[in-house]
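*Asks:* The following file, input.tsv, comprises TSV, C-alpha atoms and all ligand atoms:
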chain	number	residue	atom	x	y	z
A	239	THR	CA	0.00	0.00	0.00
A	240	GLY	CA	1.07	3.56	-0.70
A	241	ALA	CA	1.08	6.76	1.31
A	242	LEU	CA	-2.21	7.91	2.83
A	243	SER	CA	-3.64	11.39	2.31
A	244	GLU	CA	-5.55	13.41	4.93
A	245	PRO	CA	-8.69	11.75	6.38
A	246	GLU	CA	-11.92	12.78	4.65
A	247	GLN	CA	-15.61	12.27	5.35
A	248	GLY	CA	-17.64	10.12	3.01
A	249	ILE	CA	-20.86	8.16	2.65
A	250	VAL	CA	-21.02	4.51	1.63
A	251	VAL	CA	-23.11	4.28	-1.52
A	252	VAL	CA	-22.94	0.51	-1.92
A	253	ARG	CA	-21.00	-2.38	-0.51
A	254	HIS	CA	-19.98	-5.47	-2.40
A	255	GLY	CA	-18.13	-7.91	-0.16
A	256	ALA	CA	-15.02	-6.10	1.04
A	257	ASN	CA	-15.39	-3.44	-1.67
A	258	LEU	CA	-17.07	-0.14	-0.95
A	259	ALA	CA	-18.16	2.73	-3.16
A	260	VAL	CA	-17.69	5.87	-1.07
A	261	GLU	CA	-19.02	9.28	-2.09
A	262	ASP	CA	-16.87	12.23	-1.04
A	263	ALA	CA	-18.07	15.70	-0.06
A	264	ARG	CA	-17.99	16.84	-3.70
A	265	GLY	CA	-20.14	13.94	-4.90
A	266	ALA	CA	-17.34	11.96	-6.55
A	267	VAL	CA	-17.35	8.23	-5.92
A	268	HIS	CA	-14.24	6.25	-4.94
A	269	HIS	CA	-13.46	2.60	-4.65
A	270	CYS	CA	-12.43	1.81	-1.07
A	271	LEU	CA	-11.54	-1.14	1.04
A	272	ALA	CA	-12.38	-1.15	4.74
A	273	ARG	CA	-9.78	-1.65	7.47
A	274	ARG	CA	-10.39	-4.97	9.03
A	275	ASN	CA	-11.04	-3.87	12.62
A	276	ILE	CA	-13.83	-1.35	11.93
A	277	GLY	CA	-16.81	-3.70	11.48
A	278	HIS	CA	-18.89	-3.92	8.32
A	279	PRO	CA	-19.88	-0.59	6.80
A	280	VAL	CA	-23.14	-0.70	4.82
A	281	CYS	CA	-24.95	1.57	2.41
A	282	GLY	CA	-25.71	4.91	4.09
A	283	ASP	CA	-22.89	4.69	6.64
A	284	ARG	CA	-20.91	7.88	7.25
A	285	VAL	CA	-17.27	6.97	7.20
A	286	VAL	CA	-13.79	8.42	7.46
A	287	TRP	CA	-11.53	7.41	4.59
A	288	GLN	CA	-8.12	8.23	3.16
A	289	ARG	CA	-6.85	8.16	-0.40
A	290	ILE	CA	-3.99	5.91	-1.27
A	291	ASP	CA	-1.71	6.86	-4.15
A	292	THR	CA	-3.30	4.27	-6.44
A	293	GLY	CA	-6.40	6.50	-6.50
A	294	ASP	CA	-8.43	4.10	-4.38
A	295	GLY	CA	-9.14	4.62	-0.72
A	296	VAL	CA	-9.19	2.92	2.63
A	297	VAL	CA	-12.03	3.38	5.11
A	298	THR	CA	-10.57	3.82	8.57
A	299	ALA	CA	-13.65	4.50	10.71
A	300	VAL	CA	-17.44	4.20	10.64
A	301	GLN	CA	-19.37	6.97	12.40
A	302	PRO	CA	-22.03	5.87	14.88
A	303	ARG	CA	-25.27	4.97	13.08
A	304	ILE	CA	-28.36	7.02	13.84
A	305	THR	CA	-30.66	4.32	12.47
A	306	VAL	CA	-30.10	0.89	11.03
A	307	LEU	CA	-32.26	-1.34	8.86
A	308	SER	CA	-31.50	-5.01	9.48
A	309	ARG	CA	-32.68	-8.21	7.98
A	310	PRO	CA	-32.29	-11.72	9.40
A	311	ASP	CA	-29.72	-13.77	7.45
A	312	TYR	CA	-30.00	-17.52	6.70
A	313	SER	CA	-29.12	-18.33	10.32
A	314	GLY	CA	-31.77	-15.95	11.64
A	315	ARG	CA	-29.27	-13.36	12.91
A	316	ASP	CA	-29.94	-9.71	12.14
A	317	LYS	CA	-27.56	-8.28	9.55
A	318	PRO	CA	-27.44	-4.56	8.79
A	319	LEU	CA	-28.68	-3.73	5.30
A	320	ALA	CA	-28.64	0.08	5.33
A	321	ALA	CA	-27.76	2.82	7.81
A	322	ASN	CA	-29.05	6.30	8.61
A	323	LEU	CA	-32.44	6.07	6.91
A	324	THR	CA	-34.80	8.90	7.83
A	325	ARG	CA	-38.07	7.81	6.09
A	326	LEU	CA	-39.90	4.61	5.38
A	327	VAL	CA	-42.43	4.78	2.56
A	328	VAL	CA	-45.02	2.01	2.45
A	329	LEU	CA	-46.63	1.71	-0.94
A	330	ILE	CA	-50.09	0.18	-1.25
A	331	ALA	CA	-52.61	0.04	-4.07
A	332	PRO	CA	-56.24	-0.95	-4.60
A	333	GLU	CA	-54.83	-3.77	-6.74
A	334	PRO	CA	-53.23	-6.03	-5.51
A	335	GLU	CA	-55.54	-5.86	-2.51
A	336	PRO	CA	-53.53	-4.74	0.57
A	337	GLY	CA	-52.92	-8.00	2.40
A	338	GLY	CA	-53.73	-8.26	6.12
A	339	TYR	CA	-50.97	-7.11	8.39
A	340	LEU	CA	-48.26	-6.33	5.82
A	341	ILE	CA	-48.65	-2.55	6.21
A	342	ASP	CA	-48.50	-2.86	9.98
A	343	GLN	CA	-45.42	-5.03	9.78
A	344	TYR	CA	-43.61	-2.25	7.92
A	345	LEU	CA	-44.89	0.36	10.36
A	346	VAL	CA	-43.54	-1.73	13.26
A	347	ALA	CA	-40.16	-1.78	11.52
A	348	ALA	CA	-40.24	2.02	11.20
A	349	GLU	CA	-41.15	2.46	14.88
A	350	LEU	CA	-38.35	0.17	16.01
A	351	MET	CA	-35.88	1.96	13.75
A	352	GLY	CA	-37.14	5.25	15.13
A	353	ILE	CA	-38.00	6.84	11.78
A	354	PRO	CA	-41.25	8.37	10.49
A	355	ALA	CA	-43.30	6.29	8.08
A	356	LEU	CA	-45.45	7.54	5.25
A	357	LEU	CA	-48.18	5.58	3.45
A	358	VAL	CA	-48.59	6.05	-0.26
A	359	ALA	CA	-51.72	4.65	-1.88
A	360	ASN	CA	-50.82	4.38	-5.54
A	361	LYS	CA	-52.82	3.36	-8.63
A	362	MET	CA	-55.78	5.39	-7.41
A	363	ASP	CA	-56.80	5.83	-11.08
A	364	LEU	CA	-58.12	2.25	-10.91
A	365	LEU	CA	-61.02	3.38	-8.71
A	366	ASP	CA	-64.15	5.33	-9.56
A	367	ALA	CA	-65.26	8.14	-7.24
A	368	ARG	CA	-67.18	5.80	-4.96
A	369	GLY	CA	-64.41	3.18	-4.83
A	370	GLU	CA	-61.97	5.93	-4.05
A	371	SER	CA	-63.84	7.24	-1.02
A	372	GLU	CA	-64.37	3.68	0.25
A	373	PHE	CA	-60.66	2.94	-0.12
A	374	GLN	CA	-59.71	6.18	1.60
A	375	GLU	CA	-62.14	5.47	4.42
A	376	ARG	CA	-60.54	2.06	5.04
A	377	PHE	CA	-57.18	3.62	5.89
A	378	GLN	CA	-58.26	6.67	7.88
A	379	HIS	CA	-57.09	5.11	11.14
A	380	TYR	CA	-53.48	5.63	9.99
A	381	PRO	CA	-53.41	9.43	9.77
A	382	ALA	CA	-55.28	9.39	13.08
A	383	ILE	CA	-52.20	7.84	14.74
A	384	GLY	CA	-49.65	9.97	12.93
A	385	TYR	CA	-48.97	8.14	9.67
A	386	PRO	CA	-49.85	10.45	6.79
A	387	ILE	CA	-51.27	8.99	3.57
A	388	LEU	CA	-50.67	10.36	0.11
A	389	TRP	CA	-53.00	9.31	-2.71
A	390	THR	CA	-51.14	8.92	-5.99
A	391	SER	CA	-51.38	7.58	-9.49
A	392	LEU	CA	-48.54	7.35	-11.96
A	393	ARG	CA	-51.22	7.93	-14.62
A	394	ARG	CA	-52.05	11.31	-13.01
A	395	PRO	CA	-48.80	13.25	-12.72
A	396	GLU	CA	-50.49	16.04	-10.75
A	397	THR	CA	-50.72	13.62	-7.76
A	398	LEU	CA	-46.94	13.24	-7.50
A	399	PRO	CA	-45.46	16.56	-6.28
A	400	PRO	CA	-46.52	15.98	-2.63
A	401	LEU	CA	-44.66	12.66	-2.66
A	402	ILE	CA	-41.57	14.20	-4.25
A	403	ALA	CA	-41.67	16.95	-1.62
A	404	ALA	CA	-41.97	14.39	1.19
A	405	LEU	CA	-38.85	12.56	0.02
A	406	SER	CA	-36.77	15.64	-0.67
A	407	GLY	CA	-33.84	16.02	1.71
A	408	GLU	CA	-34.56	12.64	3.33
A	409	THR	CA	-32.92	9.25	3.04
A	410	SER	CA	-35.83	6.96	2.25
A	411	ILE	CA	-36.69	3.41	1.37
A	412	LEU	CA	-39.73	2.32	-0.55
A	413	VAL	CA	-41.39	-0.95	0.43
A	414	GLY	CA	-44.58	-2.79	-0.37
A	415	GLN	CA	-45.98	-5.95	-1.89
A	416	SER	CA	-45.35	-6.93	-5.47
A	417	GLY	CA	-47.47	-5.13	-8.06
A	418	VAL	CA	-48.18	-1.89	-6.18
A	419	GLY	CA	-45.92	0.12	-8.50
A	420	LYS	CA	-42.53	0.25	-6.76
A	421	SER	CA	-40.40	-0.20	-9.89
A	422	SER	CA	-42.53	2.26	-11.84
A	423	LEU	CA	-42.26	4.82	-9.07
A	424	VAL	CA	-38.50	4.39	-8.66
A	425	LYS	CA	-38.09	4.94	-12.40
A	426	LEU	CA	-39.99	8.16	-12.08
A	427	LEU	CA	-38.17	9.37	-8.96
A	428	LEU	CA	-34.75	8.49	-10.36
A	429	PRO	CA	-34.81	9.39	-14.05
A	430	ASP	CA	-31.00	9.06	-14.13
A	431	ARG	CA	-30.79	5.77	-12.26
A	432	GLU	CA	-28.90	4.06	-15.10
A	433	VAL	CA	-26.42	6.94	-15.21
A	434	GLN	CA	-25.85	6.65	-11.48
A	435	ILE	CA	-25.32	2.90	-11.78
A	436	GLY	CA	-22.84	3.44	-14.61
A	437	ARG	CA	-20.98	6.01	-12.55
A	438	LEU	CA	-20.78	3.64	-9.57
A	439	SER	CA	-19.62	0.77	-11.65
A	440	ALA	CA	-16.96	2.90	-13.38
A	441	ALA	CA	-15.72	4.31	-10.08
A	442	THR	CA	-15.50	0.98	-8.34
A	443	GLY	CA	-14.66	-1.28	-11.27
A	444	LEU	CA	-17.15	-3.68	-9.75
A	445	GLY	CA	-19.65	-4.10	-12.55
A	446	ARG	CA	-23.28	-3.11	-12.76
A	447	HIS	CA	-24.51	-6.10	-10.74
A	448	THR	CA	-23.08	-4.34	-7.64
A	449	THR	CA	-26.41	-2.59	-7.27
A	450	SER	CA	-28.18	-5.84	-6.45
A	451	ALA	CA	-27.05	-4.86	-2.93
A	452	ALA	CA	-28.65	-1.95	-1.09
A	453	THR	CA	-27.60	1.17	-3.00
A	454	CYS	CA	-27.95	4.84	-2.15
A	455	TYR	CA	-29.26	6.81	-5.18
A	456	ARG	CA	-29.33	10.61	-5.31
A	457	LEU	CA	-32.75	12.18	-5.84
A	458	PRO	CA	-32.88	15.15	-8.23
A	459	SER	CA	-34.64	17.24	-5.56
A	460	GLY	CA	-32.03	16.43	-2.89
A	461	GLY	CA	-31.85	13.55	-0.49
A	462	SER	CA	-31.56	9.94	-1.49
A	463	LEU	CA	-33.44	6.77	-2.07
A	464	VAL	CA	-31.90	3.55	-0.81
A	465	ASP	CA	-33.00	0.75	-3.10
A	466	SER	CA	-32.39	-2.90	-3.99
A	467	PRO	CA	-34.60	-5.94	-4.41
A	468	GLY	CA	-33.75	-6.93	-0.82
A	469	VAL	CA	-34.67	-3.51	0.56
A	470	ARG	CA	-38.02	-3.44	-1.26
A	471	SER	CA	-39.05	-6.78	0.18
A	472	PHE	CA	-37.46	-6.78	3.61
A	473	ARG	CA	-39.41	-8.47	6.40
A	474	LEU	CA	-39.36	-8.28	10.17
A	475	GLY	CA	-37.40	-10.98	11.91
A	476	GLY	CA	-38.80	-12.84	14.89
A	477	LEU	CA	-39.42	-10.04	17.37
A	478	GLU	CA	-39.88	-10.39	21.09
A	479	ARG	CA	-43.43	-9.63	22.18
A	480	ASP	CA	-42.31	-6.51	23.97
A	481	ALA	CA	-40.64	-5.10	20.85
A	482	LEU	CA	-43.73	-5.89	18.79
A	483	GLU	CA	-45.92	-4.01	21.29
A	484	ARG	CA	-43.62	-1.00	21.11
A	485	GLY	CA	-43.99	-1.16	17.32
A	486	PHE	CA	-47.70	-0.22	17.64
A	487	ARG	CA	-47.32	3.38	18.72
A	488	GLU	CA	-50.95	3.97	19.68
A	489	PHE	CA	-50.79	1.08	22.19
A	490	GLY	CA	-48.32	3.11	24.24
A	491	PRO	CA	-50.75	4.77	26.69
A	492	TYR	CA	-52.39	1.41	27.48
A	493	ARG	CA	-49.28	-0.69	27.97
A	494	GLY	CA	-48.89	-1.82	31.56
A	495	GLU	CA	-52.58	-1.08	32.23
A	496	CYS	CA	-53.86	-4.64	31.73
A	497	ARG	CA	-54.84	-6.64	34.81
A	498	TYR	CA	-52.23	-9.29	34.10
A	499	ARG	CA	-48.64	-8.31	33.55
A	500	ASP	CA	-48.19	-10.98	30.88
A	501	CYS	CA	-51.51	-10.17	29.18
A	502	ARG	CA	-51.61	-11.25	25.54
A	503	HIS	CA	-54.48	-8.84	24.87
A	504	ASP	CA	-56.52	-11.79	23.67
A	505	GLN	CA	-59.10	-13.40	25.99
A	506	GLU	CA	-57.74	-12.21	29.33
A	507	PRO	CA	-60.13	-10.33	31.62
A	508	GLY	CA	-59.17	-6.74	32.37
A	509	CYS	CA	-57.26	-6.19	29.10
A	510	ALA	CA	-56.74	-2.46	28.64
A	511	LEU	CA	-56.02	-2.76	24.91
A	512	ARG	CA	-59.16	-4.74	24.14
A	513	ALA	CA	-61.18	-2.32	26.20
A	514	ALA	CA	-59.65	0.58	24.26
A	515	ALA	CA	-60.51	-1.14	20.99
A	516	GLU	CA	-64.10	-1.66	22.17
A	517	ARG	CA	-64.36	2.03	23.02
A	518	GLY	CA	-62.99	2.84	19.56
A	519	GLU	CA	-59.86	4.49	20.97
A	520	ILE	CA	-57.60	2.13	19.07
A	521	SER	CA	-58.41	0.44	15.80
A	522	ALA	CA	-59.68	-3.14	16.08
A	523	VAL	CA	-58.01	-3.83	12.73
A	524	ARG	CA	-54.63	-2.82	14.16
A	525	LEU	CA	-55.19	-4.99	17.24
A	526	ALA	CA	-56.00	-7.93	14.94
A	527	SER	CA	-52.77	-7.24	13.00
A	528	PHE	CA	-50.88	-7.23	16.27
A	529	HIS	CA	-52.24	-10.71	17.09
A	530	GLN	CA	-51.33	-12.04	13.65
A	531	LEU	CA	-47.83	-10.59	13.87
A	532	ALA	CA	-47.38	-11.99	17.38
A	533	LEU	CA	-48.16	-15.44	15.96
A	534	GLU	CA	-45.71	-14.92	13.09
A	535	CYS	CA	-42.99	-13.79	15.46
A	536	ALA	CA	-43.54	-16.74	17.77
A	537	ARG	CA	-43.26	-19.05	14.76
A	538	ALA	CA	-40.07	-17.37	13.54
A	539	GLN	CA	-38.49	-17.87	16.94
A	540	SER	CA	-39.35	-21.55	17.42
B	1	LIG	P1	-43.80	-3.47	-8.25
B	1	LIG	O1	-43.99	-4.95	-8.34
B	1	LIG	O2	-44.27	-2.93	-6.93
B	1	LIG	O3	-42.42	-3.02	-8.60
B	1	LIG	O4	-44.82	-2.82	-9.32
B	1	LIG	P2	-44.56	-2.34	-10.82
B	1	LIG	O5	-43.91	-1.00	-10.84
B	1	LIG	O6	-43.90	-3.43	-11.58
B	1	LIG	O7	-46.05	-2.12	-11.30
B	1	LIG	C1	-46.97	-3.19	-11.40
B	1	LIG	C2	-47.99	-2.86	-12.47
B	1	LIG	O8	-48.78	-1.75	-12.08
B	1	LIG	C3	-47.34	-2.46	-13.80
B	1	LIG	O9	-48.11	-3.02	-14.84
B	1	LIG	C4	-47.44	-0.94	-13.80
B	1	LIG	O10	-47.51	-0.41	-15.10
B	1	LIG	C5	-48.74	-0.73	-13.07
B	1	LIG	N1	-48.81	0.57	-12.40
B	1	LIG	C6	-47.87	1.21	-11.66
B	1	LIG	N2	-48.34	2.38	-11.19
B	1	LIG	C7	-49.62	2.49	-11.65
B	1	LIG	C8	-50.65	3.48	-11.48
B	1	LIG	O11	-50.51	4.51	-10.82
B	1	LIG	N3	-51.84	3.21	-12.09
B	1	LIG	C9	-52.06	2.08	-12.81
B	1	LIG	N4	-53.25	1.91	-13.37
B	1	LIG	N5	-51.12	1.14	-12.98
B	1	LIG	C10	-49.92	1.34	-12.41
B	2	ZN	ZN	-54.05	-6.79	27.58
Would you write the structure of this file as structure tokens?
Ligand code: GDP
Ligand code: ZN

*Replies:*
Amino acid sequence: TGALSEPEQGIVVVRHGANLAVEDARGAVHHCLARRNIGHPVCGDRVVWQRIDTGDGVVTAVQPRITVLSRPDYSGRDKPLAANLTRLVVLIAPEPEPGGYLIDQYLVAAELMGIPALLVANKMDLLDARGESEFQERFQHYPAIGYPILWTSLRRPETLPPLIAALSGETSILVGQSGVGKSSLVKLLLPDREVQIGRLSAATGLGRHTTSAATCYRLPSGGSLVDSPGVRSFRLGGLERDALERGFREFGPYRGECRYRDCRHDQEPGCALRAAAERGEISAVRLASFHQLALECARAQS
């Protein structure tokens, strides 16, 4: 190895094995390797790096992460996928029909990461006026607990500026079930995606397949979108019951109020959550999602 230049700040754009693409303060991308003792930097990590005289760089430190998105690996252990996200966007559509607790699963992930989530109901052009108000009605309990909903259609460009504004300046990921319009929307948000991929691949010499890993793309309006097939379809691992409860933010005021400390909020007498649902203070649909997710989590852990 050659002489090292002064330490600089950078952001990891994508990682491929030991190879990192690091963006410097001017927006230029450099191929870097990470020092062995600094852990595993991932997309979105803020790092300190130094140039070596070959033109490449070496990452010498990873700054503490503000948030981290993890996914269980084949052995069930959580592995970081992306760092320092500030927004989670959950895309739904009238078609395919939003399935059961999938939305709530993503919202739990956002709560546990500590980042705001935004719902985007896309493909609204598929509904007539009546279908539209019915669909909107079905999801009104989300804004009521602090998750805004935007109603969009890629066939109606005038519906898109609020979404673009919501992403601007943030580091977001876009998730949702297959068919809701994620690829179409990413194409629209990142008109120069292919150019960015080409630039990354030229800088790192790693080839265009590098971006099958979580990759940080620059949005034209500022901010970035972290994307990859794995990011779009990430799922919660097997959570402890306590973590799952914390993932339902509106349950907060009722937690610890049940008669039994280990209440499952199911058939137990004196359940504060069920009582709140009966009074209409929390949504019965959300409570049902909680029960389904609790089952899923128990299964994932056994
Ligand atoms: P993904 O699986 O979530 O990535 O969804 P795609 O982007 O592949 O979109 C699935 C299908 O929905 C494609 O045929 C798109 O053309 C279509 N689509 C995407 N957005 C809209 C929309 O706003 N309105 C309508 N009618 N179709 C859309
Ligand atoms: Zn209870």

*Asks:* 9 Å from ligand ZN 2 (chain B) is the threshold here; counting only C-alpha atoms and all ligand atoms, which polymer residues fall inside it? Answer as an MDAnalysis selection string.

*Replies:* chainID A and resid 492:513

*Asks:* For segment 380-396 of chain A, please output as a list in words all residues within 8 Å (counting all atoms listed in the file; exclusion window: fewer than 3 positions along the same chain).

*Replies:*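 After dropping sequence-adjacent residues, the list is Pro354, Ala355, Leu356, Leu357, Val358, Ala359, Asn360, Lys361, Met362, Asp363, Phe377, Pro399, Pro400, Leu401, Ser422, Leu423, Arg487 and Glu488 of chain A.
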
*Asks:* I'd like the neighbourhood of segment 311-313 of chain A as a list in words, where a residue qualifies if any of its atoms comes within 12 Å (using only C-alpha atoms), though same-chain residues fewer than 6 positions away should be ignored.

*Replies:* Leu319, Gly468, Phe472, Arg473, Leu474, Gly475, Gly476, Ala538 and Gln539 of chain A

*Asks:* Using all atoms listed in the file, find the one residue out of A:Ser527, A:Asn257, A:Ser471, A:Gln434 that sits nearest to ligand LIG 1 (chain B).

*Replies:*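 Between A:Ser527, A:Asn257, A:Ser471, A:Gln434, the residue approaching ligand LIG 1 (chain B) most closely is A:Ser471.
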
*Asks:* Return the padded bounding box of ligand LIG 1 (chain B) as AutoDock Vina command-line options: axis-aligned, built from all atoms listed in the file, 3 Å added on each side, with centre and edge lengths in Å to one decimal.

*Replies:*
--center_x -47.8 --center_y -0.2 --center_z -11.0 --size_x 16.8 --size_y 15.5 --size_z 14.2

*Asks:* Write out as a ChimeraX atom specification each polymer residue whose atoms come within 12 Å of Val252 of chain A, counting all atoms listed in the file; drop sequence neighbours fewer than 3 positions from it.

*Replies:* /A:249,255-261,267-271,278-284,319-321,434-435,438-439,441-442,444,446-455,464-466

*Asks:* To one decimal in Å, tell me the separation between atom CA of Ala266 of chain A and atom CA of Arg303 of chain A.

*Replies:* 22.3 Å

*Asks:* Expressed in Å to a single decimal, how great is the separation between atom CA of Ser540 of chain A and atom CA of Gly338 of chain A?

*Replies:*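 The value is 22.6 Å.
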
*Asks:* Which is closest to Pro332 of chain A among A:Gly293, A:Pro467, A:Gly369, A:Pro429, if we use all atoms listed in the file?

*Replies:*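 Using all atoms listed in the file, Pro332 of chain A sits closest to A:Gly369.
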
*Asks:* Separation of atom C1 of ligand LIG 1 (chain B) and atom CA of Glu333 of chain A, in Å?

*Replies:*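 Atom-to-atom, atom C1 of ligand LIG 1 (chain B) and atom CA of Glu333 of chain A are spaced 9.2 Å apart.
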